[in-house]
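Student: Structure file entry_16.cif (mmCIF, C-alpha atoms) is given on the next line.
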data_target
loop_
_atom_site.group_PDB
_atom_site.id
_atom_site.type_symbol
_atom_site.label_atom_id
_atom_site.label_comp_id
_atom_site.auth_asym_id
_atom_site.auth_seq_id
_atom_site.Cartn_x
_atom_site.Cartn_y
_atom_site.Cartn_z
ATOM 1 C CA MET A 15 -98.999 100.980 87.121
ATOM 2 C CA LYS A 16 -95.261 100.328 87.117
ATOM 3 C CA LYS A 17 -93.187 101.898 84.371
ATOM 4 C CA ILE A 18 -90.537 99.935 82.474
ATOM 5 C CA SER A 19 -87.786 101.723 80.550
ATOM 6 C CA VAL A 20 -85.843 99.973 77.803
ATOM 7 C CA LEU A 21 -82.493 101.653 77.151
ATOM 8 C CA ILE A 22 -80.896 101.148 73.718
ATOM 9 C CA PRO A 23 -77.569 102.836 72.848
ATOM 10 C CA CYS A 24 -77.288 103.336 69.073
ATOM 11 C CA TYR A 25 -74.339 103.977 66.805
ATOM 12 C CA ASN A 26 -74.912 103.611 63.053
ATOM 13 C CA GLU A 27 -77.887 101.280 63.493
ATOM 14 C CA GLU A 28 -80.040 102.312 60.508
ATOM 15 C CA LYS A 29 -80.239 98.682 59.313
ATOM 16 C CA THR A 30 -81.118 97.144 62.678
ATOM 17 C CA LEU A 31 -83.700 99.616 64.021
ATOM 18 C CA PRO A 32 -86.468 98.612 61.544
ATOM 19 C CA LEU A 33 -85.990 95.025 62.744
ATOM 20 C CA LEU A 34 -85.726 95.874 66.434
ATOM 21 C CA TYR A 35 -88.800 98.108 66.772
ATOM 22 C CA PRO A 36 -91.390 95.407 65.821
ATOM 23 C CA GLU A 37 -89.844 93.117 68.446
ATOM 24 C CA LEU A 38 -90.219 95.842 71.061
ATOM 25 C CA VAL A 39 -93.847 96.459 70.038
ATOM 26 C CA LYS A 40 -94.544 92.744 70.384
ATOM 27 C CA LEU A 41 -92.967 92.826 73.845
ATOM 28 C CA MET A 42 -95.011 95.825 75.006
ATOM 29 C CA GLU A 43 -98.280 94.449 73.648
ATOM 30 C CA GLY A 44 -97.607 91.139 75.391
ATOM 31 C CA LEU A 45 -97.258 92.879 78.776
ATOM 32 C CA PRO A 46 -100.092 95.447 78.877
ATOM 33 C CA ASP A 47 -100.062 95.696 82.673
ATOM 34 C CA TYR A 48 -96.938 97.857 82.532
ATOM 35 C CA GLU A 49 -96.355 101.367 81.254
ATOM 36 C CA TRP A 50 -93.505 101.387 78.753
ATOM 37 C CA GLU A 51 -90.765 103.780 77.732
ATOM 38 C CA ILE A 52 -88.246 103.028 74.962
ATOM 39 C CA MET A 53 -85.197 105.259 75.371
ATOM 40 C CA PHE A 54 -82.812 105.373 72.407
ATOM 41 C CA VAL A 55 -79.472 107.171 72.794
ATOM 42 C CA ASN A 56 -78.026 108.181 69.442
ATOM 43 C CA ASP A 57 -74.279 108.211 70.031
ATOM 44 C CA GLY A 58 -73.232 110.490 67.180
ATOM 45 C CA SER A 59 -74.272 108.154 64.363
ATOM 46 C CA ALA A 60 -73.055 109.071 60.881
ATOM 47 C CA ASP A 61 -75.888 107.304 59.019
ATOM 48 C CA ASN A 62 -79.701 107.729 59.106
ATOM 49 C CA THR A 63 -80.118 106.443 62.660
ATOM 50 C CA LEU A 64 -81.328 109.811 63.986
ATOM 51 C CA HIS A 65 -83.852 110.206 61.161
ATOM 52 C CA ILE A 66 -85.298 106.763 61.896
ATOM 53 C CA LEU A 67 -85.557 107.583 65.610
ATOM 54 C CA GLN A 68 -87.374 110.806 64.795
ATOM 55 C CA GLN A 69 -89.885 108.867 62.680
ATOM 56 C CA LEU A 70 -90.421 106.298 65.440
ATOM 57 C CA ARG A 71 -91.033 109.102 67.934
ATOM 58 C CA GLN A 72 -93.683 110.641 65.659
ATOM 59 C CA GLN A 73 -95.628 107.402 65.305
ATOM 60 C CA ASP A 74 -95.197 106.084 68.874
ATOM 61 C CA LYS A 75 -94.956 108.416 71.889
ATOM 62 C CA ARG A 76 -93.587 105.581 73.982
ATOM 63 C CA VAL A 77 -90.375 106.055 71.997
ATOM 64 C CA ASN A 78 -87.956 108.688 73.318
ATOM 65 C CA TYR A 79 -84.532 109.536 72.023
ATOM 66 C CA VAL A 80 -81.494 111.464 73.188
ATOM 67 C CA ASP A 81 -79.220 112.746 70.435
ATOM 68 C CA LEU A 82 -75.629 113.297 71.589
ATOM 69 C CA SER A 83 -73.533 116.000 69.919
ATOM 70 C CA ARG A 84 -70.883 113.493 68.816
ATOM 71 C CA ASN A 85 -69.748 109.921 69.350
ATOM 72 C CA PHE A 86 -68.839 109.647 73.045
ATOM 73 C CA GLY A 87 -68.710 105.838 73.162
ATOM 74 C CA LYS A 88 -71.170 103.251 74.416
ATOM 75 C CA GLU A 89 -70.171 103.605 78.067
ATOM 76 C CA VAL A 90 -71.031 107.317 78.106
ATOM 77 C CA ALA A 91 -74.136 106.753 75.963
ATOM 78 C CA MET A 92 -75.432 104.393 78.645
ATOM 79 C CA LEU A 93 -74.779 107.053 81.293
ATOM 80 C CA ALA A 94 -76.897 109.476 79.265
ATOM 81 C CA GLY A 95 -79.621 106.848 79.243
ATOM 82 C CA PHE A 96 -79.371 106.450 83.027
ATOM 83 C CA ASP A 97 -79.917 110.208 83.357
ATOM 84 C CA TYR A 98 -82.958 110.350 81.077
ATOM 85 C CA VAL A 99 -84.953 107.164 81.763
ATOM 86 C CA THR A 100 -87.931 107.612 84.077
ATOM 87 C CA GLY A 101 -89.049 104.027 84.704
ATOM 88 C CA ASP A 102 -89.268 102.104 87.964
ATOM 89 C CA CYS A 103 -86.747 99.769 86.392
ATOM 90 C CA MET A 104 -84.645 99.773 83.243
ATOM 91 C CA VAL A 105 -83.558 97.066 80.799
ATOM 92 C CA ILE A 106 -80.403 97.681 78.743
ATOM 93 C CA VAL A 107 -80.570 96.097 75.272
ATOM 94 C CA ASP A 108 -78.248 96.252 72.265
ATOM 95 C CA ALA A 109 -79.826 97.477 69.042
ATOM 96 C CA ASP A 110 -78.519 94.563 66.949
ATOM 97 C CA LEU A 111 -80.931 91.970 68.473
ATOM 98 C CA GLN A 112 -78.085 89.840 69.790
ATOM 99 C CA ASP A 113 -79.784 90.431 73.147
ATOM 100 C CA PRO A 114 -83.282 88.961 72.665
ATOM 101 C CA PRO A 115 -86.146 91.168 73.938
ATOM 102 C CA ALA A 116 -88.090 87.929 74.477
ATOM 103 C CA LEU A 117 -86.007 87.392 77.638
ATOM 104 C CA ILE A 118 -87.294 90.578 79.266
ATOM 105 C CA PRO A 119 -90.542 89.032 80.664
ATOM 106 C CA GLU A 120 -88.450 86.539 82.632
ATOM 107 C CA MET A 121 -86.323 89.398 83.957
ATOM 108 C CA LEU A 122 -89.451 91.267 85.015
ATOM 109 C CA LYS A 123 -90.702 88.187 86.842
ATOM 110 C CA TYR A 124 -87.578 88.085 89.008
ATOM 111 C CA TRP A 125 -87.731 91.853 89.503
ATOM 112 C CA GLU A 126 -91.290 91.490 90.840
ATOM 113 C CA GLU A 127 -89.920 88.867 93.244
ATOM 114 C CA GLY A 128 -87.582 91.469 94.737
ATOM 115 C CA TYR A 129 -84.350 91.160 92.768
ATOM 116 C CA GLU A 130 -82.788 94.522 91.914
ATOM 117 C CA ASP A 131 -80.245 93.497 89.268
ATOM 118 C CA VAL A 132 -81.290 90.704 86.915
ATOM 119 C CA TYR A 133 -78.374 90.052 84.577
ATOM 120 C CA ALA A 134 -78.213 87.801 81.527
ATOM 121 C CA ARG A 135 -75.312 85.352 81.294
ATOM 122 C CA ARG A 136 -74.395 84.047 77.846
ATOM 123 C CA ARG A 137 -74.408 80.285 77.369
ATOM 124 C CA THR A 138 -73.071 80.836 73.853
ATOM 125 C CA ARG A 139 -71.560 83.984 72.356
ATOM 126 C CA GLY A 140 -72.807 83.830 68.753
ATOM 127 C CA LYS A 141 -70.404 84.224 65.861
ATOM 128 C CA GLU A 142 -67.085 85.190 67.394
ATOM 129 C CA SER A 143 -63.577 84.166 66.473
ATOM 130 C CA TRP A 144 -61.804 81.758 68.807
ATOM 131 C CA LEU A 145 -59.181 84.442 69.501
ATOM 132 C CA ARG A 146 -61.802 86.961 70.629
ATOM 133 C CA LYS A 147 -63.479 84.395 72.893
ATOM 134 C CA TRP A 148 -60.129 83.321 74.361
ATOM 135 C CA LEU A 149 -59.028 86.908 75.007
ATOM 136 C CA SER A 150 -62.378 87.707 76.625
ATOM 137 C CA ILE A 151 -62.118 84.735 78.991
ATOM 138 C CA LYS A 152 -58.537 85.609 79.950
ATOM 139 C CA PHE A 153 -59.442 89.254 80.554
ATOM 140 C CA TYR A 154 -62.306 88.409 82.916
ATOM 141 C CA LYS A 155 -60.095 85.951 84.820
ATOM 142 C CA LEU A 156 -57.400 88.615 85.175
ATOM 143 C CA LEU A 157 -59.907 91.210 86.356
ATOM 144 C CA GLN A 158 -61.418 88.735 88.819
ATOM 145 C CA ARG A 159 -58.034 87.942 90.364
ATOM 146 C CA THR A 160 -56.950 91.562 90.711
ATOM 147 C CA SER A 161 -60.235 93.159 91.863
ATOM 148 C CA ARG A 162 -61.643 93.227 95.369
ATOM 149 C CA PHE A 163 -65.150 92.305 94.240
ATOM 150 C CA ASP A 164 -66.682 89.538 92.132
ATOM 151 C CA VAL A 165 -66.567 90.164 88.380
ATOM 152 C CA LEU A 166 -69.272 88.356 86.422
ATOM 153 C CA GLN A 167 -67.919 86.370 83.472
ATOM 154 C CA ASN A 168 -69.763 86.001 80.158
ATOM 155 C CA VAL A 169 -72.086 88.815 81.237
ATOM 156 C CA GLY A 170 -72.520 91.931 79.131
ATOM 157 C CA ASP A 171 -74.731 94.982 79.465
ATOM 158 C CA PHE A 172 -77.998 93.080 78.893
ATOM 159 C CA ARG A 173 -79.727 93.312 82.279
ATOM 160 C CA LEU A 174 -82.631 94.734 84.250
ATOM 161 C CA LEU A 175 -81.827 97.340 86.894
ATOM 162 C CA ASP A 176 -84.150 98.578 89.633
ATOM 163 C CA ARG A 177 -84.527 102.331 90.128
ATOM 164 C CA ARG A 178 -82.218 102.135 93.163
ATOM 165 C CA CYS A 179 -79.476 100.666 90.962
ATOM 166 C CA ILE A 180 -80.063 103.373 88.346
ATOM 167 C CA ASN A 181 -79.762 106.121 90.945
ATOM 168 C CA ALA A 182 -76.535 104.596 92.288
ATOM 169 C CA LEU A 183 -75.024 104.457 88.780
ATOM 170 C CA LYS A 184 -76.054 108.057 88.083
ATOM 171 C CA ARG A 185 -73.930 109.170 91.027
ATOM 172 C CA MET A 186 -70.797 107.623 89.487
ATOM 173 C CA ARG A 187 -69.722 110.410 87.111
ATOM 174 C CA GLU A 188 -66.141 109.392 86.272
ATOM 175 C CA SER A 189 -65.179 110.044 82.671
ATOM 176 C CA GLU A 190 -63.128 106.857 82.225
ATOM 177 C CA ARG A 191 -65.968 104.385 82.571
ATOM 178 C CA TYR A 192 -66.192 100.602 82.716
ATOM 179 C CA THR A 193 -69.877 100.040 83.347
ATOM 180 C CA LYS A 194 -69.680 96.235 83.580
ATOM 181 C CA GLY A 195 -67.473 96.669 86.629
ATOM 182 C CA MET A 196 -69.800 99.327 88.056
ATOM 183 C CA PHE A 197 -72.739 96.905 87.876
ATOM 184 C CA CYS A 198 -70.790 94.558 90.150
ATOM 185 C CA TRP A 199 -69.389 97.300 92.384
ATOM 186 C CA ILE A 200 -72.759 98.789 93.393
ATOM 187 C CA GLY A 201 -73.918 95.457 94.793
ATOM 188 C CA PHE A 202 -77.684 95.025 95.400
ATOM 189 C CA ASN A 203 -79.672 91.798 95.160
ATOM 190 C CA LYS A 204 -78.690 90.058 91.915
ATOM 191 C CA LYS A 205 -80.258 87.242 89.914
ATOM 192 C CA GLU A 206 -78.874 85.399 86.899
ATOM 193 C CA VAL A 207 -80.757 84.287 83.811
ATOM 194 C CA GLU A 208 -79.061 82.397 80.981
ATOM 195 C CA PHE A 209 -79.538 82.824 77.251
ATOM 196 C CA ASP A 210 -77.956 81.938 73.928
ATOM 197 C CA ARG A 211 -76.641 85.085 72.316
ATOM 198 C CA GLY A 212 -77.702 85.422 68.701
ATOM 199 C CA ASP A 213 -75.816 86.771 65.726
ATOM 200 C CA ARG A 214 -76.030 90.372 64.624
ATOM 201 C CA VAL A 215 -79.111 90.708 62.391
ATOM 202 C CA ALA A 216 -77.723 93.457 60.147
ATOM 203 C CA GLY A 217 -74.843 95.877 59.761
ATOM 204 C CA SER A 218 -71.425 95.382 61.296
ATOM 205 C CA SER A 219 -70.103 95.757 64.817
ATOM 206 C CA SER A 220 -68.102 98.874 65.690
ATOM 207 C CA TRP A 221 -66.200 96.907 68.344
ATOM 208 C CA GLY A 222 -62.886 95.839 66.809
ATOM 209 C CA TYR A 223 -59.855 94.549 68.670
ATOM 210 C CA LYS A 224 -58.551 98.097 69.162
ATOM 211 C CA GLN A 225 -61.774 99.210 70.889
ATOM 212 C CA LEU A 226 -61.913 96.024 72.961
ATOM 213 C CA PHE A 227 -58.286 96.463 74.050
ATOM 214 C CA SER A 228 -59.013 100.045 75.086
ATOM 215 C CA LEU A 229 -62.078 98.875 77.053
ATOM 216 C CA ALA A 230 -59.960 96.211 78.771
ATOM 217 C CA ILE A 231 -57.392 98.827 79.826
ATOM 218 C CA ASP A 232 -60.232 100.998 81.170
ATOM 219 C CA GLY A 233 -61.610 98.041 83.105
ATOM 220 C CA ILE A 234 -58.284 97.147 84.695
ATOM 221 C CA THR A 235 -57.240 100.696 85.594
ATOM 222 C CA SER A 236 -60.728 101.671 86.820
ATOM 223 C CA PHE A 237 -61.164 98.883 89.337
ATOM 224 C CA THR A 238 -57.738 97.723 90.459
ATOM 225 C CA SER A 239 -54.309 99.140 91.259
ATOM 226 C CA ALA A 240 -52.709 95.718 90.687
ATOM 227 C CA PRO A 241 -50.609 96.884 87.688
ATOM 228 C CA LEU A 242 -48.946 99.490 89.924
ATOM 229 C CA ARG A 243 -48.254 96.864 92.573
ATOM 230 C CA ILE A 244 -46.886 94.454 89.966
ATOM 231 C CA SER A 245 -44.639 97.233 88.659
ATOM 232 C CA THR A 246 -43.380 97.882 92.195
ATOM 233 C CA PHE A 247 -42.760 94.168 92.805
ATOM 234 C CA VAL A 248 -40.911 93.699 89.508
ATOM 235 C CA GLY A 249 -38.827 96.790 90.216
ATOM 236 C CA PHE A 250 -37.908 95.433 93.653
ATOM 237 C CA VAL A 251 -36.962 91.992 92.295
ATOM 238 C CA VAL A 252 -34.897 93.459 89.445
ATOM 239 C CA SER A 253 -33.137 95.818 91.850
ATOM 240 C CA MET A 254 -32.228 92.917 94.150
ATOM 241 C CA LEU A 255 -30.925 90.857 91.236
ATOM 242 C CA ALA A 256 -28.917 93.840 89.994
ATOM 243 C CA PHE A 257 -27.458 94.334 93.498
ATOM 244 C CA ILE A 258 -26.492 90.660 93.747
ATOM 245 C CA TYR A 259 -24.901 90.803 90.297
ATOM 246 C CA MET A 260 -23.004 93.962 91.303
ATOM 247 C CA ILE A 261 -21.536 92.166 94.333
ATOM 248 C CA TYR A 262 -20.597 89.207 92.117
ATOM 249 C CA VAL A 263 -18.793 91.456 89.609
ATOM 250 C CA PHE A 264 -16.997 93.318 92.409
ATOM 251 C CA ILE A 265 -15.749 90.124 94.077
ATOM 252 C CA LYS A 266 -14.760 88.629 90.737
ATOM 253 C CA ALA A 267 -12.747 91.731 89.853
ATOM 254 C CA LEU A 268 -10.955 91.651 93.228
ATOM 255 C CA ILE A 269 -10.007 87.981 93.030
ATOM 256 C CA TRP A 270 -9.475 87.242 89.330
ATOM 257 C CA GLY A 271 -9.538 90.637 87.690
ATOM 258 C CA ASP A 272 -11.858 91.476 84.806
ATOM 259 C CA PRO A 273 -10.082 93.259 81.947
ATOM 260 C CA VAL A 274 -12.637 94.634 79.441
ATOM 261 C CA GLN A 275 -14.825 91.546 79.605
ATOM 262 C CA GLY A 276 -18.555 91.510 80.182
ATOM 263 C CA TYR A 277 -19.602 93.952 77.481
ATOM 264 C CA PRO A 278 -22.484 91.734 76.155
ATOM 265 C CA SER A 279 -23.864 91.124 79.641
ATOM 266 C CA MET A 280 -23.634 94.842 80.434
ATOM 267 C CA VAL A 281 -25.588 95.766 77.306
ATOM 268 C CA ILE A 282 -28.214 93.124 78.058
ATOM 269 C CA LEU A 283 -28.611 94.410 81.614
ATOM 270 C CA ILE A 284 -28.928 98.026 80.458
ATOM 271 C CA LEU A 285 -31.557 97.152 77.864
ATOM 272 C CA PHE A 286 -33.450 94.926 80.308
ATOM 273 C CA LEU A 287 -33.488 97.516 83.071
ATOM 274 C CA GLY A 288 -34.424 100.238 80.575
ATOM 275 C CA GLY A 289 -37.345 98.129 79.337
ATOM 276 C CA ILE A 290 -38.590 97.539 82.886
ATOM 277 C CA GLN A 291 -38.392 101.269 83.603
ATOM 278 C CA LEU A 292 -40.303 102.194 80.450
ATOM 279 C CA LEU A 293 -42.973 99.575 81.207
ATOM 280 C CA SER A 294 -43.363 100.915 84.738
ATOM 281 C CA LEU A 295 -43.559 104.491 83.489
ATOM 282 C CA GLY A 296 -46.221 103.433 80.961
ATOM 283 C CA ILE A 297 -48.347 101.848 83.691
ATOM 284 C CA ILE A 298 -47.973 104.907 85.906
ATOM 285 C CA GLY A 299 -48.796 107.102 82.919
ATOM 286 C CA GLU A 300 -52.084 105.281 82.338
ATOM 287 C CA TYR A 301 -53.213 106.099 85.861
ATOM 288 C CA ILE A 302 -51.924 109.671 85.746
ATOM 289 C CA GLY A 303 -53.725 110.201 82.432
ATOM 290 C CA ARG A 304 -56.993 109.130 84.021
ATOM 291 C CA ILE A 305 -56.398 111.431 86.984
ATOM 292 C CA TYR A 306 -55.725 114.256 84.526
ATOM 293 C CA ASN A 307 -58.976 113.602 82.645
ATOM 294 C CA GLU A 308 -60.981 113.522 85.871
ATOM 295 C CA THR A 309 -59.537 116.824 87.124
ATOM 296 C CA LYS A 310 -60.804 118.639 84.017
ATOM 297 C CA ASN A 311 -64.338 118.205 85.357
ATOM 298 C CA ARG A 312 -65.853 118.337 81.886
ATOM 299 C CA PRO A 313 -69.428 117.106 81.368
ATOM 300 C CA ASP A 314 -69.555 113.422 80.526
ATOM 301 C CA TYR A 315 -71.553 114.105 77.373
ATOM 302 C CA ILE A 316 -73.305 116.910 75.492
ATOM 303 C CA VAL A 317 -76.875 116.520 74.231
ATOM 304 C CA ARG A 318 -77.905 118.086 70.938
ATOM 305 C CA GLU A 319 -81.613 117.372 71.407
ATOM 306 C CA PHE A 320 -84.088 115.331 73.400
ATOM 307 C CA ASN A 321 -87.194 114.220 71.501
ATOM 308 C CA GLY A 322 -86.644 117.004 68.982
ATOM 309 C CA VAL A 323 -86.173 119.739 71.601
ATOM 310 C CA PRO A 324 -82.704 121.362 71.494
ATOM 311 C CA ASP A 325 -80.695 120.967 74.682
ATOM 312 C CA MET A 326 -80.146 124.221 76.589
ATOM 313 C CA GLY A 327 -76.839 123.311 78.202
ATOM 314 C CA ASP A 328 -77.681 121.144 81.236
ATOM 315 C CA GLU A 329 -74.979 118.526 81.536
ATOM 316 C CA HIS A 330 -77.420 115.878 82.800
ATOM 317 C CA LYS A 331 -80.935 115.412 84.068
ATOM 318 C CA ASP A 332 -81.652 114.793 87.748
#
As structure tokens - that is how I would like this structure written.
Tutor:
Amino acid sequence: MKKISVLIPCYNEEKTLPLLYPELVKLMEGLPDYEWEIMFVNDGSADNTLHILQQLRQQDKRVNYVDLSRNFGKEVAMLAGFDYVTGDCMVIVDADLQDPPALIPEMLKYWEEGYEDVYARRRTRGKESWLRKWLSIKFYKLLQRTSRFDVLQNVGDFRLLDRRCINALKRMRESERYTKGMFCWIGFNKKEVEFDRGDRVAGSSSWGYKQLFSLAIDGITSFTSAPLRISTFVGFVVSMLAFIYMIYVFIKALIWGDPVQGYPSMVILILFLGGIQLLSLGIIGEYIGRIYNETKNRPDYIVREFNGVPDMGDEHKD
């Protein structure tokens, strides 16, 4: 009997878990030919999420949970899930029911046909502001143009991954993670299913514009060096323009003279060149900062307990 793991990262989801669990039970009862594992990863929640997970584990042994020692972020929480799931395939689902578990049987059908990565593309994005939708579209277009591999647009983390995909993702241990890009980078045989994303059933999202901007920076710097190349190109163009202007000023001074004139243009040039230099240094700094974090070689996450058993210090399961 094939085993299906459902991975659910959780951060302050005490209001959504009582609504999510019955949907998962309905899913498992509707597909009795599979063995099921529900893997919750508690990402340092500050509410009663852990207590609810402990109760679910007591009443249903198909429920497993990993409790992280603090909030490491969703990207790292998913990595912890990759390390702990034991199924032949895994489905990643958000706890807020915006990703409908009712779509999982269709994903399993394509998996049985031989597809190794069955991803869900959003036809609609639920309740989102026009600015957030516009920024999301522009970000994916930018990433697509600057990356050397196809980046799937309107596709989140809701997908089914074969065990081979899981093992490939487990080998990618970088600390600055952009998992949506990793899903594309590893390749494998992919299949698309479409769905209408629902609204959050309870609670509030922890993903504000600040977190989304940080994730966008991680995505760009993790999968493309285009910002460095753009910085080099802009520096070259500005240097050429400055050289041409220098020749112009020199010739003008020789022919007509230039007593104390040009102060405004000089100030403008100094400020412009200074701004370009600071921008370039900022871009370089982003990459250097990521190199610095990687060289520390710290564990990606720390587990407090797994199914009520305290962790003994292993940084991840094999």
Student: As a check of understanding, name the residues that the PyMOL selection byres ((chain A and resi 30) around 7) selects in the supplied structure, as a ChimeraX atom specification.
Tutor: /A:27-29,31-34,109-110,215-216
Student: Which one of A:Met92, A:Asn168, A:Glu188, A:Gln112 sits closest to Glu308 (chain A) if you count all atoms listed in the file?
Tutor: A:Glu188
Student: Compare A:Phe172, A:Phe202, A:Phe197, A:Phe54 by their minimum atom-to-atom distance to Pro114 (chain A), counting all atoms listed in the file, and give me the closest one.
Tutor: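 Nearest to Pro114 (chain A): A:Phe172.
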Student: Val39 (chain A): which residues within 12 Å, counting all atoms listed in the file, same-chain residues fewer than 5 positions away excluded, as a count of residues only?
Tutor: 16
Student: For the atom pair CA of Asp314 (chain A) and CA of Lys16 (chain A), what is the interatomic distance in Å to one decimal place?
Tutor: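 Taking CA of Asp314 (chain A) as the start and CA of Lys16 (chain A) as the end point, the length is 29.6 Å.
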Student: One decimal, Å: what's the distance from CA of Ile316 (chain A) over to CA of Asn85 (chain A), could you say?
Tutor: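 Interatomic distance here is 10.0 Å.
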Student: Since I can't run it myself right now, could you work out what the PyMOL selection byres ((chain A and resi 200) around 8) selects here and report it as a list in words?
Tutor: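 Applying the expression gives Cys179, Ala182, Leu183, Met196, Phe197, Cys198, Trp199, Gly201 and Phe202 of chain A.
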Student: Starting from the displayed file, determine the output of the PyMOL selection byres ((chain A and resi 178) around 10) and express the residue list as a ChimeraX atom specification.
Tutor: /A:102-103,130-131,175-177,179-184,202
Student: Just want the 7 Å neighbourhood of Gly101 (chain A), counted on only C-alpha atoms, with same-chain residues fewer than 4 positions away dropped. Output as an mmCIF file with C-alpha atoms, in the frame of the given file.
Tutor:
data_model
loop_
_atom_site.group_PDB
_atom_site.id
_atom_site.type_symbol
_atom_site.label_atom_id
_atom_site.label_comp_id
_atom_site.auth_asym_id
_atom_site.auth_seq_id
_atom_site.Cartn_x
_atom_site.Cartn_y
_atom_site.Cartn_z
ATOM 1 C CA LYS A 17 -93.187 101.898 84.371
ATOM 2 C CA ILE A 18 -90.537 99.935 82.474
ATOM 3 C CA SER A 19 -87.786 101.723 80.550
#
Student: Output requested as a short mmCIF file (atom, residue, chain, number, x, y, z; two decimals), in the frame of the given file - region 58-71 of chain A, filled out with N, CA, C and O atoms.
Tutor:
data_model
loop_
_atom_site.label_atom_id
_atom_site.label_comp_id
_atom_site.auth_asym_id
_atom_site.auth_seq_id
_atom_site.Cartn_x
_atom_site.Cartn_y
_atom_site.Cartn_z
N GLY A 58 -73.96 109.85 68.27
CA GLY A 58 -73.23 110.49 67.18
C GLY A 58 -73.18 109.67 65.92
O GLY A 58 -72.14 109.65 65.23
N SER A 59 -74.26 109.00 65.57
CA SER A 59 -74.27 108.15 64.36
C SER A 59 -74.04 109.00 63.11
O SER A 59 -74.50 110.15 63.01
N ALA A 60 -73.35 108.38 62.14
CA ALA A 60 -73.06 109.07 60.88
C ALA A 60 -74.00 108.66 59.76
O ALA A 60 -73.88 109.16 58.65
N ASP A 61 -74.94 107.75 60.04
CA ASP A 61 -75.89 107.30 59.02
C ASP A 61 -77.26 107.91 59.31
O ASP A 61 -77.37 108.99 59.90
N ASN A 62 -78.33 107.21 58.93
CA ASN A 62 -79.70 107.73 59.11
C ASN A 62 -80.36 107.29 60.41
O ASN A 62 -81.59 107.32 60.52
N THR A 63 -79.56 106.90 61.39
CA THR A 63 -80.12 106.44 62.66
C THR A 63 -81.01 107.51 63.29
O THR A 63 -82.13 107.21 63.74
N LEU A 64 -80.54 108.74 63.35
CA LEU A 64 -81.33 109.81 63.99
C LEU A 64 -82.64 110.03 63.25
O LEU A 64 -83.70 110.19 63.90
N HIS A 65 -82.63 110.01 61.94
CA HIS A 65 -83.85 110.21 61.16
C HIS A 65 -84.87 109.10 61.46
O HIS A 65 -86.07 109.38 61.61
N ILE A 66 -84.40 107.88 61.58
CA ILE A 66 -85.30 106.76 61.90
C ILE A 66 -85.88 106.94 63.29
O ILE A 66 -87.08 106.70 63.52
N LEU A 67 -85.07 107.36 64.25
CA LEU A 67 -85.56 107.58 65.61
C LEU A 67 -86.60 108.69 65.64
O LEU A 67 -87.59 108.60 66.38
N GLN A 68 -86.39 109.73 64.86
CA GLN A 68 -87.37 110.81 64.80
C GLN A 68 -88.71 110.31 64.24
O GLN A 68 -89.78 110.69 64.73
N GLN A 69 -88.66 109.45 63.24
CA GLN A 69 -89.88 108.87 62.68
C GLN A 69 -90.59 107.98 63.70
O GLN A 69 -91.83 108.03 63.82
N LEU A 70 -89.82 107.16 64.43
CA LEU A 70 -90.42 106.30 65.44
C LEU A 70 -91.09 107.12 66.54
O LEU A 70 -92.15 106.76 67.04
N ARG A 71 -90.47 108.23 66.90
CA ARG A 71 -91.03 109.10 67.93
C ARG A 71 -92.36 109.70 67.47
O ARG A 71 -93.31 109.83 68.27
#
